[in-house]
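Engineer: So that we are looking at the same thing, I have put the structure below in structure tokens.
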Amino acid sequence: ANFWALLSSDTYLMSMASSTSARKGEASAAISEDVIGYVKGADSELQHASAFTPEELYHLADVRGKISAFHRVFYSLLAAAAACLLALFAISGSPGVFLGHARRAMLLSGVAVGILSALAFLLSLDFGLASTAFHRLFFSTSSQWLFPEDYLLVNLFTEDFFARAAAGVITGSLI
């Protein structure tokens, strides 16, 4: 849920983009805002598509698809969790029994999030390795994601942008 909340916040994403971008100025901010709106699915097309190479455009479309899939998975899991709680309530027989089971479920899910966050933190200690593993896991081999330093996408959304975003997700999840 923390990842979803951060991903949904235009203010957070634009603040991160403006503070980490290698390119400054109103034009860069407008292009960053355009990219964020596009990959989040808020805009149907990139207004500044001509500023990017075909490889960058392909990657942005791929990212847009991954974010859309993430949202579908998130809402499906949320619905499944709600259904499980309703089923647990129905079979518990009394509110006291239900609360006892719900407390245990919350404790176990908290432990699981703590373990996953600790693992993510350990992986993020070598951000380059973690980034490579992430891209190999979630992107097909036909999707290029390593770009030369002079590409606009690399300069607007730097490694620092993604490192800070990962730190935000890990910290928020632990909290």
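Chain labels run A, B, ... following the order of the structure tokens; each chain numbers its residues from 1, and ligands are numbered from 1 in the order shown.
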Would you kindly return, as a ChimeraX atom specification, each protein, DNA or RNA residue with an atom no farther than 9 Å from any atom of range 38-48 of chain A, considering only C-alpha atoms and excluding same-chain residues fewer than 6 positions away?
Structural biologist: /A:7-8,30-31,57,60-68
Engineer: Compile the contact shell of range 126-130 of chain A as a CSV table (one decimal) with C-alpha atoms, in the first residue's frame: residues with an atom at most 8 Å away, counting only C-alpha atoms, same-chain residues fewer than 4 positions apart removed.
Structural biologist:
```
chain,number,residue,atom,x,y,z
A,122,LEU,CA,19.9,-5.1,2.2
A,134,PHE,CA,14.6,-5.5,-10.6
A,163,ALA,CA,17.2,5.3,-5.0
```
Engineer: So which residues touch range 101-106 of chain A within 10 Å, counting only C-alpha atoms, skipping near sequence neighbours fewer than 6 positions away, as a ChimeraX atom specification?
Structural biologist: /A:85,88-89,92,95,112
Engineer: Put those residues in a file: C-alpha atoms, as a CSV table (one decimal), in the first residue's frame.
Structural biologist:
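Final output, saved to again23.csv:
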```csv
chain,number,residue,atom,x,y,z
A,85,LEU,CA,-11.7,-10.8,6.7
A,88,LEU,CA,-13.1,-15.0,9.0
A,89,PHE,CA,-15.8,-12.8,10.6
A,92,SER,CA,-15.6,-17.0,13.8
A,95,PRO,CA,-16.6,-10.8,17.7
A,112,ALA,CA,6.2,-10.5,6.8
```
Engineer: May I ask which of the residues A:Tyr151, A:Ser76, A:Ala82, A:Leu107 is the closest one to Ala51 in chain A, counting only C-alpha atoms?
Structural biologist: A:Tyr151
Engineer: Nearest residue to Ser15 in chain A out of A:Ala87, A:Ala69, A:Ile175, A:Ala165, using only C-alpha atoms?
Structural biologist: A:Ala165
Engineer: With DSSP run on the backbone, what are the alpha helix (DSSP H) residues within range 6-154 of chain A? I'd like them as a PyMOL selection string.
Structural biologist: chain A and resi 6-8+10-20+26-40+54-92+95-124+127-138+152-154
Engineer: Report, in Å to a single decimal, how far apart CA of Asp160 in chain A and CA of Asn2 in chain A are.
Structural biologist: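 Straight-line distance from CA of Asn2 in chain A to CA of Asp160 in chain A works out to 19.4 Å.
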Engineer: Counting only C-alpha atoms, which of A:Leu13, A:Cys84, A:His59, A:Ala133 gets nearest to Trp145 in chain A?
Structural biologist: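 Closest residue, counting only C-alpha atoms: A:His59.
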